[in-house]
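S.K.: Shown below is the structure under consideration.
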Amino acid sequence: MWRAYSDMREANYKDSDKYFHARGNYDAAQRGPGGAWAAKVISDAREGSQRFTDLFRHGDSGHGVADSRADQAANEWGRSGKDPNHFRPAGLPDKY
């Protein structure tokens with residue numbers, strides 16, 4: 001998961017967030033049941049903490065809820081073993 005996060009930061013590529021979510025979870029799940037479990041725990045904690053901090057930034061406006069749900073869908077896609085390239089944006093360099 002760390003590699004996908006690092007690559008996402010390095011790429012800094014528009015609309016690539018869901019791809020890197022799916023790829024990180026996919027990579028972790030390929031390491032076995034423990035990897036899939038760890039990916040779920042980390043992903044849930046990350047999305048939960050973002051939602052919590054959004055309350056302080058934006059009030060209870062619902063800001064970020066749809067994006068968080070989309071991130072979680074990409075996380076589950078990757079953890080289930082489906083190809084993360086489903087979320088790959090056009091033009092993302094082959095390096096990623």
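Starting from 1 in every chain, residues are counted up; chains themselves are A, B, ... following the order of the structure tokens, and ligands are numbered from 1 as listed.
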For the structure I just gave you, how does DSSP split chain A - specifically, which residues are helix (DSSP H, G or I)? Reply as a ChimeraX atom specification.
M.R.: /A:2-11,17-29,33-58,65-79,84-87
S.K.: So that each row is one residue of stretch 48-82 of chain A with an atom at most 10 Å from stretch 20-41 of chain A, can you give its shortest atom pair and the distance in Å to one decimal, using only C-alpha atoms, rows by chain and rising number, as a tab-separated table?
M.R.:
```
residue	atom	partner	partner_atom	distance
A:Ala70	CA	A:His21	CA	9.9
A:Asp71	CA	A:His21	CA	6.6
A:Gln72	CA	A:His21	CA	8.2
A:Ala73	CA	A:Ala22	CA	8.4
A:Ala74	CA	A:Ala22	CA	4.8
A:Asn75	CA	A:Ala22	CA	4.9
A:Glu76	CA	A:Ala22	CA	7.3
A:Trp77	CA	A:Ala22	CA	6.1
A:Gly78	CA	A:Tyr26	CA	4.0
A:Arg79	CA	A:Tyr26	CA	4.8
A:Ser80	CA	A:Tyr26	CA	7.3
A:Gly81	CA	A:Tyr26	CA	5.9
A:Lys82	CA	A:Tyr26	CA	7.5
```
S.K.: I'd like the neighbourhood of A:Ala11 as a list in words, where a residue qualifies if any of its atoms comes within 12 Å (using only C-alpha atoms), though same-chain residues fewer than 2 positions away should be ignored.
M.R.: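 Counting only C-alpha atoms, the residues come to Arg3, Ala4, Tyr5, Ser6, Asp7, Met8, Arg9, Tyr13, Lys14, Asp15, Ser16, Asp17, Tyr19, Phe20, Pro89, Gly91, Leu92, Pro93, Asp94, Lys95 and Tyr96 of chain A.
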S.K.: Set the distance at 10 Å and use only C-alpha atoms: which residues neighbour A:Gln50 once local chain neighbours fewer than 6 positions away are removed? I'd like the list as a PyMOL selection string.
M.R.: chain A and resi 44+64-65+68
S.K.: Write the residues you've just listed into a file as a PDB file, in the first residue's frame, and include N, CA, C and O atoms for each of them.
M.R.:
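Done, and the output landed in result34.pdb:
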```pdb
ATOM      1  N   ASP A  44     -10.124   1.625   5.871  1.00  0.00           N
ATOM      2  CA  ASP A  44     -11.250   2.104   6.679  1.00  0.00           C
ATOM      3  C   ASP A  44     -10.811   3.210   7.630  1.00  0.00           C
ATOM      4  O   ASP A  44     -11.511   4.214   7.798  1.00  0.00           O
ATOM      5  N   GLY A  64     -17.254  15.629   0.860  1.00  0.00           N
ATOM      6  CA  GLY A  64     -16.345  14.497   0.816  1.00  0.00           C
ATOM      7  C   GLY A  64     -16.981  13.135   0.970  1.00  0.00           C
ATOM      8  O   GLY A  64     -16.308  12.129   0.804  1.00  0.00           O
ATOM      9  N   VAL A  65     -18.269  13.066   1.282  1.00  0.00           N
ATOM     10  CA  VAL A  65     -18.908  11.773   1.506  1.00  0.00           C
ATOM     11  C   VAL A  65     -18.931  10.944   0.227  1.00  0.00           C
ATOM     12  O   VAL A  65     -18.578   9.764   0.237  1.00  0.00           O
ATOM     13  N   SER A  68     -15.467   9.754  -0.576  1.00  0.00           N
ATOM     14  CA  SER A  68     -15.061   8.689   0.350  1.00  0.00           C
ATOM     15  C   SER A  68     -15.695   7.355  -0.043  1.00  0.00           C
ATOM     16  O   SER A  68     -15.039   6.314  -0.035  1.00  0.00           O
TER      17      SER A  68
END
```
